[in-house]
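S.K.: So that you have it, the file is model-v6.cif, and it contains mmCIF, C-alpha atoms:
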```
data_data
loop_
_atom_site.label_atom_id
_atom_site.label_comp_id
_atom_site.auth_asym_id
_atom_site.auth_seq_id
_atom_site.Cartn_x
_atom_site.Cartn_y
_atom_site.Cartn_z
CA MET V 1 3.80 2.60 13.88
CA ALA V 2 6.22 4.90 12.05
CA GLU V 3 4.81 7.67 9.87
CA ALA V 4 6.60 6.09 6.88
CA GLU V 5 4.41 3.01 7.24
CA PHE V 6 1.22 5.08 6.93
CA ASP V 7 2.72 6.79 3.90
CA LEU V 8 3.46 3.49 2.16
CA ILE V 9 -0.01 2.12 2.83
CA GLN V 10 -1.69 5.28 1.61
CA ARG V 11 0.51 5.66 -1.47
CA TYR V 12 0.35 2.10 -2.78
CA PHE V 13 -2.73 0.42 -1.36
CA ALA V 14 -5.28 2.56 0.52
CA GLN V 15 -6.41 4.61 -2.48
CA HIS V 16 -8.21 1.59 -3.97
CA GLN V 17 -11.87 1.81 -2.98
CA PRO V 18 -13.73 -1.38 -1.88
CA CYS V 19 -15.66 -3.01 -4.72
CA HIS V 20 -17.29 -6.02 -3.02
CA PRO V 21 -20.60 -5.56 -1.17
CA ALA V 22 -19.35 -7.75 1.70
CA THR V 23 -16.72 -5.12 2.59
CA ARG V 24 -18.36 -2.67 4.97
CA LEU V 25 -15.10 -1.01 6.13
CA GLY V 26 -11.69 -1.50 4.54
CA ILE V 27 -8.27 0.03 5.15
CA GLY V 28 -8.02 2.92 7.61
CA ASP V 29 -9.23 1.70 11.01
CA ASP V 30 -8.05 -0.75 13.66
CA CYS V 31 -10.03 -3.54 12.00
CA ALA V 32 -11.91 -4.12 8.78
CA LEU V 33 -15.62 -4.89 8.91
CA LEU V 34 -17.08 -7.64 6.73
CA SER V 35 -20.51 -9.16 6.34
CA VAL V 36 -21.26 -12.73 5.28
CA ALA V 37 -24.60 -13.53 3.68
CA ALA V 38 -27.01 -15.74 5.60
CA GLY V 39 -26.65 -19.41 4.77
CA HIS V 40 -22.97 -19.08 3.86
CA GLN V 41 -19.71 -20.07 5.54
CA LEU V 42 -16.51 -18.04 5.62
CA ALA V 43 -13.47 -19.71 4.02
CA VAL V 44 -10.08 -18.33 5.17
CA THR V 45 -6.59 -19.19 3.94
CA THR V 46 -3.11 -17.77 4.64
CA ASP V 47 0.08 -18.15 2.61
CA THR V 48 3.58 -16.74 3.14
CA MET V 49 6.30 -16.31 0.53
CA VAL V 50 9.93 -15.84 1.58
CA GLU V 51 12.78 -14.58 -0.60
CA ASN V 52 15.13 -17.37 -1.76
CA VAL V 53 12.65 -19.99 -0.56
CA HIS V 54 9.55 -19.28 -2.66
CA PHE V 55 10.98 -16.80 -5.14
CA PHE V 56 14.32 -15.71 -6.55
CA ALA V 57 15.94 -12.54 -5.23
CA ASP V 58 15.89 -11.01 -8.73
CA VAL V 59 12.19 -11.72 -9.35
CA ASP V 60 10.20 -9.10 -11.25
CA PRO V 61 8.12 -7.40 -8.50
CA ALA V 62 5.13 -7.27 -10.86
CA ASP V 63 5.28 -11.06 -11.25
CA LEU V 64 5.65 -11.43 -7.49
CA GLY V 65 2.63 -9.23 -6.75
CA HIS V 66 0.47 -11.29 -9.11
CA LYS V 67 1.69 -14.65 -7.85
CA LEU V 68 1.37 -13.80 -4.16
CA LEU V 69 -2.33 -13.09 -4.57
CA ALA V 70 -2.95 -15.84 -7.13
CA VAL V 71 -1.74 -18.66 -4.88
CA ASN V 72 -4.13 -17.60 -2.13
CA LEU V 73 -7.07 -17.25 -4.50
CA SER V 74 -6.22 -20.75 -5.74
CA ASP V 75 -6.80 -22.13 -2.23
CA LEU V 76 -10.26 -20.56 -2.22
CA ALA V 77 -10.94 -22.02 -5.67
CA ALA V 78 -10.08 -25.47 -4.34
CA MET V 79 -12.80 -25.08 -1.68
CA GLY V 80 -15.41 -23.82 -4.15
CA ALA V 81 -15.36 -20.46 -2.36
CA GLU V 82 -16.00 -17.06 -3.93
CA PRO V 83 -13.22 -14.66 -2.87
CA PHE V 84 -14.07 -11.19 -1.63
CA ALA V 85 -11.32 -9.84 0.66
CA VAL V 86 -7.63 -10.19 1.48
CA THR V 87 -5.12 -8.78 3.94
CA LEU V 88 -1.47 -8.19 3.05
CA ALA V 89 1.55 -8.19 5.39
CA LEU V 90 4.83 -6.93 3.93
CA THR V 91 8.21 -7.33 5.61
CA LEU V 92 10.66 -5.20 3.60
CA PRO V 93 14.45 -4.88 3.98
CA ALA V 94 14.21 -1.26 2.77
CA ILE V 95 11.76 1.14 1.13
CA ASN V 96 12.13 0.78 -2.63
CA HIS V 97 9.51 2.89 -4.38
CA PRO V 98 9.88 1.49 -7.93
CA TRP V 99 9.67 -2.04 -6.51
CA LEU V 100 6.58 -1.20 -4.44
CA GLN V 101 4.93 0.53 -7.39
CA ALA V 102 5.31 -2.49 -9.68
CA PHE V 103 4.37 -4.96 -6.94
CA SER V 104 1.27 -3.10 -5.79
CA GLU V 105 -0.04 -2.38 -9.30
CA SER V 106 0.14 -6.05 -10.25
CA PHE V 107 -1.33 -7.24 -6.95
CA MET V 108 -4.24 -4.82 -7.17
CA ALA V 109 -4.85 -5.55 -10.87
CA LEU V 110 -5.49 -9.22 -10.09
CA ALA V 111 -7.60 -8.23 -7.08
CA ARG V 112 -9.80 -6.00 -9.25
CA GLN V 113 -10.07 -8.72 -11.88
CA HIS V 114 -11.74 -10.99 -9.32
CA GLN V 115 -13.56 -8.22 -7.37
CA VAL V 116 -11.43 -8.79 -4.29
CA ASP V 117 -10.89 -6.01 -1.76
CA LEU V 118 -7.63 -5.38 0.10
CA ILE V 119 -8.99 -4.60 3.57
CA GLY V 120 -5.87 -4.27 5.74
CA GLY V 121 -2.54 -5.78 6.75
CA ASP V 122 0.81 -4.70 8.12
CA THR V 123 4.24 -3.44 7.05
CA THR V 124 7.46 -4.13 8.95
CA ALA V 125 11.21 -4.00 8.38
CA GLY V 126 13.19 -7.19 7.90
CA PRO V 127 14.10 -9.90 5.34
CA LEU V 128 11.71 -9.80 2.37
CA THR V 129 8.66 -11.82 3.43
CA LEU V 130 5.13 -11.50 2.05
CA THR V 131 1.94 -12.88 3.62
CA VAL V 132 -1.63 -12.81 2.34
CA GLN V 133 -4.74 -13.91 4.15
CA ALA V 134 -7.63 -14.45 1.73
CA MET V 135 -11.31 -14.77 2.56
CA GLY V 136 -14.22 -16.11 0.56
CA TRP V 137 -17.67 -17.47 1.12
CA VAL V 138 -19.35 -20.69 0.18
CA PRO V 139 -22.97 -21.81 0.68
CA GLU V 140 -23.48 -23.89 3.82
CA GLY V 141 -22.58 -27.52 3.16
CA GLN V 142 -21.17 -26.94 -0.35
CA ALA V 143 -17.45 -26.49 0.43
CA LEU V 144 -15.19 -28.90 -1.47
CA LEU V 145 -13.17 -30.89 1.06
CA ARG V 146 -10.12 -33.11 0.79
CA SER V 147 -11.86 -35.73 2.91
CA ALA V 148 -14.84 -36.46 0.65
CA ALA V 149 -13.40 -38.65 -2.15
CA GLN V 150 -15.22 -41.96 -2.61
CA VAL V 151 -14.20 -45.29 -4.12
CA GLY V 152 -15.18 -45.31 -7.79
CA ASP V 153 -14.80 -41.54 -8.21
CA LEU V 154 -13.02 -40.37 -11.32
CA ILE V 155 -10.01 -38.09 -10.85
CA TYR V 156 -9.80 -34.92 -12.94
CA LEU V 157 -7.39 -32.06 -13.52
CA SER V 158 -8.62 -28.60 -14.50
CA GLY V 159 -5.76 -28.11 -16.97
CA ALA V 160 -2.18 -28.86 -17.96
CA ILE V 161 0.48 -29.58 -15.34
CA GLY V 162 4.26 -29.43 -15.45
CA ASP V 163 4.63 -26.04 -17.14
CA ALA V 164 5.50 -24.24 -13.90
CA GLY V 165 7.98 -26.97 -13.04
CA LEU V 166 9.59 -26.49 -16.44
CA GLY V 167 9.58 -22.73 -15.85
CA LEU V 168 11.49 -23.25 -12.61
CA LYS V 169 14.08 -25.37 -14.42
CA ILE V 170 14.47 -22.61 -17.01
CA ARG V 171 15.05 -20.05 -14.23
CA GLN V 172 17.67 -22.41 -12.82
CA GLY V 173 19.52 -22.47 -16.15
CA LEU V 174 17.87 -25.12 -18.35
CA ALA V 175 18.05 -24.22 -22.04
CA VAL V 176 14.66 -24.64 -23.74
CA THR V 177 13.73 -23.47 -27.23
CA ASP V 178 10.19 -22.34 -26.37
CA GLN V 179 10.34 -20.73 -22.92
CA GLU V 180 7.42 -18.30 -22.89
CA GLN V 181 4.56 -20.59 -21.82
CA ALA V 182 6.57 -22.29 -19.09
CA LEU V 183 7.86 -19.02 -17.64
CA GLN V 184 4.38 -17.50 -17.76
CA ALA V 185 2.98 -20.50 -15.85
CA PHE V 186 5.73 -20.22 -13.24
CA ASN V 187 5.65 -16.44 -12.85
CA ARG V 188 1.93 -15.72 -13.22
CA PRO V 189 -0.29 -18.69 -12.35
CA GLN V 190 -4.02 -18.24 -12.92
CA PRO V 191 -6.29 -19.28 -10.02
CA GLN V 192 -9.03 -21.59 -11.30
CA LEU V 193 -11.85 -19.74 -9.55
CA ALA V 194 -14.53 -20.26 -12.20
CA THR V 195 -13.85 -24.00 -12.21
CA GLY V 196 -13.97 -24.17 -8.41
CA LEU V 197 -17.36 -22.44 -8.33
CA ALA V 198 -18.68 -24.72 -11.11
CA LEU V 199 -17.69 -27.80 -9.09
CA ARG V 200 -20.03 -27.00 -6.21
CA GLY V 201 -22.59 -29.77 -5.93
CA ILE V 202 -20.71 -31.83 -8.55
CA ALA V 203 -17.30 -32.78 -7.14
CA HIS V 204 -16.72 -34.79 -4.00
CA ALA V 205 -13.13 -33.74 -3.15
CA CYS V 206 -10.79 -31.06 -4.46
CA ILE V 207 -7.31 -29.61 -3.93
CA ASP V 208 -5.07 -27.20 -5.83
CA ILE V 209 -1.75 -28.36 -7.27
CA SER V 210 0.78 -26.28 -5.36
CA ASP V 211 3.28 -28.92 -4.23
CA GLY V 212 2.92 -31.38 -7.11
CA LEU V 213 0.14 -33.69 -8.27
CA ALA V 214 1.44 -36.76 -6.44
CA ALA V 215 1.81 -34.93 -3.12
CA ASP V 216 -1.45 -32.99 -3.34
CA LEU V 217 -3.57 -35.91 -4.54
CA GLY V 218 -1.91 -37.83 -1.70
CA HIS V 219 -3.52 -35.39 0.75
CA ILE V 220 -6.95 -36.26 -0.66
CA LEU V 221 -6.20 -39.98 -0.38
CA GLN V 222 -5.02 -39.64 3.20
CA LYS V 223 -7.94 -37.49 4.33
CA SER V 224 -10.50 -39.65 2.51
CA GLN V 225 -8.84 -42.96 3.51
CA VAL V 226 -8.80 -44.27 -0.05
CA GLY V 227 -6.25 -44.99 -2.79
CA ALA V 228 -5.95 -44.09 -6.45
CA ARG V 229 -4.73 -45.15 -9.86
CA ILE V 230 -3.32 -42.56 -12.26
CA ASP V 231 -2.71 -43.32 -15.94
CA TRP V 232 0.36 -41.32 -16.95
CA GLU V 233 -0.60 -41.18 -20.63
CA ARG V 234 -3.80 -39.30 -19.72
CA LEU V 235 -1.97 -36.43 -18.01
CA PRO V 236 -2.63 -33.10 -19.78
CA LEU V 237 0.82 -31.91 -20.85
CA SER V 238 1.80 -28.96 -23.02
CA ALA V 239 3.99 -29.42 -26.06
CA SER V 240 6.92 -27.85 -24.18
CA VAL V 241 6.60 -30.23 -21.23
CA SER V 242 6.23 -33.22 -23.56
CA ALA V 243 9.35 -32.15 -25.46
CA TYR V 244 11.28 -31.78 -22.20
CA ILE V 245 10.25 -35.27 -21.06
CA GLN V 246 11.17 -36.78 -24.43
CA SER V 247 14.62 -35.19 -24.41
CA SER V 248 15.41 -35.75 -20.72
CA GLY V 249 13.55 -38.95 -19.87
CA ASP V 250 12.26 -37.20 -16.74
CA TRP V 251 8.70 -38.56 -16.87
CA GLN V 252 8.18 -37.88 -13.16
CA MET V 253 8.53 -34.09 -13.43
CA PRO V 254 4.85 -33.23 -14.08
CA LEU V 255 3.84 -35.47 -11.17
CA ILE V 256 6.15 -33.94 -8.58
CA ALA V 257 6.70 -30.34 -9.74
CA GLY V 258 4.65 -27.73 -7.90
CA ASP V 259 3.32 -24.26 -8.67
CA ASP V 260 0.82 -25.35 -11.36
CA TYR V 261 -2.23 -24.23 -9.31
CA GLN V 262 -4.58 -26.35 -11.37
CA LEU V 263 -7.37 -28.08 -9.47
CA CYS V 264 -7.37 -31.83 -8.89
CA PHE V 265 -10.85 -33.10 -8.05
CA THR V 266 -12.89 -36.28 -7.81
CA LEU V 267 -16.50 -36.92 -8.75
CA PRO V 268 -18.82 -39.87 -9.39
CA LYS V 269 -19.06 -41.26 -12.90
CA SER V 270 -22.71 -40.25 -13.01
CA ARG V 271 -21.66 -36.57 -13.04
CA GLN V 272 -19.14 -36.71 -15.88
CA SER V 273 -21.44 -34.75 -18.17
CA SER V 274 -21.35 -31.81 -15.74
CA VAL V 275 -17.57 -31.47 -15.67
CA PRO V 276 -16.45 -27.95 -16.73
CA ALA V 277 -14.94 -27.66 -20.20
CA GLY V 278 -11.20 -28.20 -20.41
CA CYS V 279 -10.95 -30.59 -17.47
CA VAL V 280 -9.27 -33.96 -18.10
CA CYS V 281 -9.87 -37.33 -16.44
CA ILE V 282 -6.58 -38.92 -15.36
CA GLY V 283 -7.56 -41.84 -13.13
CA GLU V 284 -9.87 -43.32 -10.54
CA ILE V 285 -10.24 -43.56 -6.76
CA GLU V 286 -9.77 -47.10 -5.46
CA ALA V 287 -10.22 -48.88 -2.13
CA GLN V 288 -6.61 -50.09 -1.94
CA PRO V 289 -4.56 -47.47 -0.04
CA GLY V 290 -1.76 -45.57 -1.79
CA LEU V 291 -1.17 -43.88 -5.11
CA ARG V 292 -0.33 -46.07 -8.11
CA ILE V 293 1.09 -44.56 -11.29
CA PHE V 294 0.67 -46.62 -14.46
CA LYS V 295 2.80 -45.79 -17.49
CA GLN V 296 2.32 -47.91 -20.59
CA GLY V 297 0.27 -50.28 -18.46
CA ILE V 298 3.09 -50.88 -15.96
CA SER V 299 3.03 -49.67 -12.35
CA ARG V 300 5.86 -47.19 -11.74
CA GLN V 301 7.45 -45.98 -8.51
CA LEU V 302 7.99 -42.28 -7.85
CA GLU V 303 11.37 -41.32 -6.44
CA ALA V 304 9.98 -38.12 -4.88
CA SER V 305 6.50 -36.90 -3.99
CA GLY V 306 6.71 -33.10 -4.16
CA PHE V 307 7.83 -29.96 -2.34
CA GLU V 308 7.88 -29.92 1.47
CA HIS V 309 9.20 -27.30 3.88
CA PHE V 310 11.78 -28.49 6.45
CA SER V 311 12.45 -31.69 4.46
#
```
Do you think you could lay out the structure here as C-alpha cells?
M.R.:
Amino acid sequence: MAEAEFDLIQRYFAQHQPCHPATRLGIGDDCALLSVAAGHQLAVTTDTMVENVHFFADVDPADLGHKLLAVNLSDLAAMGAEPFAVTLALTLPAINHPWLQAFSESFMALARQHQVDLIGGDTTAGPLTLTVQAMGWVPEGQALLRSAAQVGDLIYLSGAIGDAGLGLKIRQGLAVTDQEQALQAFNRPQPQLATGLALRGIAHACIDISDGLAADLGHILQKSQVGARIDWERLPLSASVSAYIQSSGDWQMPLIAGDDYQLCFTLPKSRQSSVPAGCVCIGEIEAQPGLRIFKQGISRQLEASGFEHFS
C-alpha cells in the first residue's frame, strides 16, 4: 500500500471517531472489530456505483457522497435493520483534494446523522468506482423479507415516487419549470430507516424502490409466488411529476423509473391502523401470478419494467 493511500484515509476519513457501541475497533488495523447483541442477526448489503453508469461525470461530489451511502442504508431499511457500520472502497483516476473533501464531508455527515461508523475499506487507482458495504442488525426472526407477502395483503409505499426519475430527465436535458424537488430526490435520496424499523412485526414483505416500482414489486411477487393489482390513481405523486405526466402522457414513468428509494411493503388488512404516517396504500396482493396495473379501471400493459444491468 502506497504512503499516499494512508495519507488519504487519515486526512478524509480516519479522524472520525466511532459513535456506535457495536464498533469495538474501527479504521487503523487489518480488520475492524464489531459486536452484535445477543438475539440479533447481522444484515449486510453491498452496492457499487460506477461513473457514467450510475452517475454523471460532472456530478457534484457532495451529492455523490450522500447518495452512495444513502442507497446502502436504504437496503438496510428495507430489511427492518438498524444500521451501525459501513466500509468504503474508492477507485480513483487521480488524487483530487477538493473533490475528496466535498465527497467525504457529505458521506460522513449522513453517517453521523444515522449514527453509522465508517470502519474500513480500500483505495485504489483506476476508473472512478465507489463501493460501500453496509451492516445493520435486526432482532432474530424480525427481518422483512421479499418472500413473505401473502394473498390479501395490502401494498403500501412509504412516500412519493417518480421524482428521482423526473430529476434524471432534467439532468438529461428536459426543461421543467419547477426543478428543485425532482433534482433533490435524484441527487440526495433519503433512506427510509425510521419507516423500516417501524414495520418490524407489522409488515410481511418489503423492498426499496431502486430500479422502479414495477421491477422491485415484481421481485416480491416472484419470491413470494403471488401476484398483485396496482391502482394507478392511488400512486403518491408530487405536483411536478403529475404535471410532467399531464404534459407528456408518460403515465408509466413513476412505475418504471428508479432511484426513489421509498419502501414498498405488504401487510394484512388487520394491521392497517399500525401503518406509519405518510405511507399510502396502492393495491393488493392476489393469488393470480403477475403484476396488473389498472388505470381508470382498465388493465394496462407496461412497455418496460425498470433498470437492469447488462440488459
S.K.: Neighbours of V:Asp58 within 12 Å (only C-alpha atoms; same-chain residues fewer than 4 positions away dropped), as an mmCIF file with C-alpha atoms, in the frame of the given file?
M.R.:
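What follows is the written file selection_19.cif:
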```
data_model
loop_
_atom_site.group_PDB
_atom_site.id
_atom_site.type_symbol
_atom_site.label_atom_id
_atom_site.label_comp_id
_atom_site.auth_asym_id
_atom_site.auth_seq_id
_atom_site.Cartn_x
_atom_site.Cartn_y
_atom_site.Cartn_z
ATOM 1 C CA GLU V 51 12.780 -14.580 -0.600
ATOM 2 C CA ASN V 52 15.130 -17.370 -1.760
ATOM 3 C CA ALA V 62 5.130 -7.270 -10.860
ATOM 4 C CA ASP V 63 5.280 -11.060 -11.250
ATOM 5 C CA LEU V 64 5.650 -11.430 -7.490
ATOM 6 C CA TRP V 99 9.670 -2.040 -6.510
ATOM 7 C CA LEU V 128 11.710 -9.800 2.370
ATOM 8 C CA ARG V 171 15.050 -20.050 -14.230
#
```
S.K.: So which residues get picked by the PyMOL selection byres ((chain V and resi 123) around 8) here, written as a ChimeraX atom specification?
M.R.: /V:5,89-92,121-122,124-125
S.K.: Counting all atoms listed in the file, which residue out of V:Thr23, V:Thr131, V:Ser158, V:Gln181 sits closest to V:Ala239?
M.R.: V:Gln181
S.K.: Quick one: apply the PyMOL selection byres ((chain V and resi 115) around 8) to the file and drop the selected residues here as a list in words.
M.R.: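 So the PyMOL selection byres ((chain V and resi 115) around 8), applied here, picks out Cys19, His20, Pro83, Phe84, Ala111, Arg112, Gln113, His114, Val116 and Asp117 of chain V.
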S.K.: Measuring atom to atom with only C-alpha atoms, identify which of V:Gly120, V:Leu302, V:Lys269, V:Gln179 is nearest to V:Leu88.
M.R.: V:Gly120
S.K.: With the cut-off set at 12 Å and counting all atoms listed in the file, tabulate each residue of stretch 70-99 of chain V with an atom at most that distance from an atom of stretch 146-154 of chain V, showing the nearest atom pair and its distance in Å to one decimal, ordered by chain and increasing number, as a tab-separated table.
M.R.:
```
residue	atom	partner	partner_atom	distance
V:Asp75	CA	V:Arg146	CA	11.9
V:Ala78	CA	V:Arg146	CA	9.2
V:Met79	CA	V:Arg146	CA	8.8
V:Gly80	CA	V:Arg146	CA	11.8
```
S.K.: If the PyMOL selection byres ((chain V and resi 238) around 8) were run on this exact file, what residues would it hold? Put them as a ChimeraX atom specification.
M.R.: /V:160-163,236-237,239-242
S.K.: Which residues of stretch 20-124 of chain V come within 12 Å of stretch 197-215 of chain V, and what is each one's closest atom pair and distance in Å (one decimal), counting all atoms listed in the file, sorted by chain and residue number, as CSV?
M.R.:
```
residue,atom,partner,partner_atom,distance
V:Asp47,CA,V:Ser210,CA,11.4
V:His54,CA,V:Ser210,CA,11.5
V:Lys67,CA,V:Ser210,CA,11.9
V:Ala70,CA,V:Ser210,CA,11.2
V:Val71,CA,V:Ser210,CA,8.0
V:Asn72,CA,V:Asp208,CA,10.3
V:Leu73,CA,V:Asp208,CA,10.2
V:Ser74,CA,V:Asp208,CA,6.6
V:Asp75,CA,V:Asp208,CA,6.5
V:Leu76,CA,V:Asp208,CA,9.2
V:Ala77,CA,V:Leu197,CA,7.0
V:Ala78,CA,V:Ile207,CA,5.0
V:Met79,CA,V:Cys206,CA,6.9
V:Gly80,CA,V:Leu197,CA,4.8
V:Ala81,CA,V:Leu197,CA,6.6
V:Glu82,CA,V:Leu197,CA,7.1
V:Pro83,CA,V:Leu197,CA,10.4
```
S.K.: Please, which residues in stretch 8-72 of chain V fall within 6 Å of stretch 135-141 of chain V when counting all atoms listed in the file, and what is the closest atom pair and distance in Å to one decimal for each, ordered by chain then residue number, as JSON lines?
M.R.:
```
{"residue": "V:Gly39", "atom": "CA", "partner": "V:Glu140", "partner_atom": "CA", "distance": 5.6}
{"residue": "V:His40", "atom": "CA", "partner": "V:Pro139", "partner_atom": "CA", "distance": 4.2}
{"residue": "V:Gln41", "atom": "CA", "partner": "V:Val138", "partner_atom": "CA", "distance": 5.4}
{"residue": "V:Leu42", "atom": "CA", "partner": "V:Trp137", "partner_atom": "CA", "distance": 4.7}
{"residue": "V:Ala43", "atom": "CA", "partner": "V:Gly136", "partner_atom": "CA", "distance": 5.0}
{"residue": "V:Val44", "atom": "CA", "partner": "V:Met135", "partner_atom": "CA", "distance": 4.6}
```
S.K.: What is the atom CA of V:Phe294 to atom CA of V:Leu235 distance in Å?
M.R.: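 Calculated distance between atom CA of V:Phe294 and atom CA of V:Leu235 is 11.1 Å.
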S.K.: Just want the 12 Å neighbourhood of V:Gly297, counted on all atoms listed in the file, with same-chain residues fewer than 6 positions away dropped. Output as a PyMOL selection string.
M.R.: chain V and resi 229-234
S.K.: Which residues are near V:Ala22? Cut-off 9 Å, all atoms listed in the file, ignore same chain within fewer than 4 positions. Put them as a compact mmCIF listing (two decimals) with C-alpha atoms, in the frame of the given file.
M.R.:
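Listing of out_5.txt after writing:
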```
# COMPACT_ATOMS: atom_id res chain seq x y z
CA LEU V 33 -15.62 -4.89 8.91
CA LEU V 34 -17.08 -7.64 6.73
CA SER V 35 -20.51 -9.16 6.34
CA VAL V 36 -21.26 -12.73 5.28
CA ALA V 37 -24.60 -13.53 3.68
CA PHE V 84 -14.07 -11.19 -1.63
CA ALA V 85 -11.32 -9.84 0.66
```
S.K.: What is the atom CA of V:Gly258 to atom CA of V:Ile285 distance in Å?
M.R.: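 We find that atom CA of V:Gly258 and atom CA of V:Ile285 lie 21.8 Å from each other.
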S.K.: Between atom CA of V:Ser106 and atom CA of V:Thr195, what is the distance, to one decimal in Å?
M.R.: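 It comes out at 22.8 Å.
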S.K.: Considering only C-alpha atoms, state which residue in the set V:Gly159, V:Pro93, V:Pro191, V:Gly278 is at the smallest distance from V:Pro127.
M.R.: V:Pro93
S.K.: From the list V:Ala257, V:Ser270, V:Leu183, V:Ile155, which residue is nearest V:Gly283 when using only C-alpha atoms?
M.R.: V:Ile155
S.K.: Of the residues V:Ala194, V:Met108, V:Thr129, V:Gln246, which is the one nearest to V:Ala94, using only C-alpha atoms?
M.R.: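 Looking only at the distances to V:Ala94, the closest residue turns out to be V:Thr129.
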S.K.: Need the axis-aligned box for stretch 24-28 of chain V with 5 Å each side, so what are the centre and edges in Å to one decimal, as JSON?
M.R.:
```
{"center_x": -13.2, "center_y": 0.1, "center_z": 6.1, "size_x": 20.3, "size_y": 15.6, "size_z": 13.1}
```
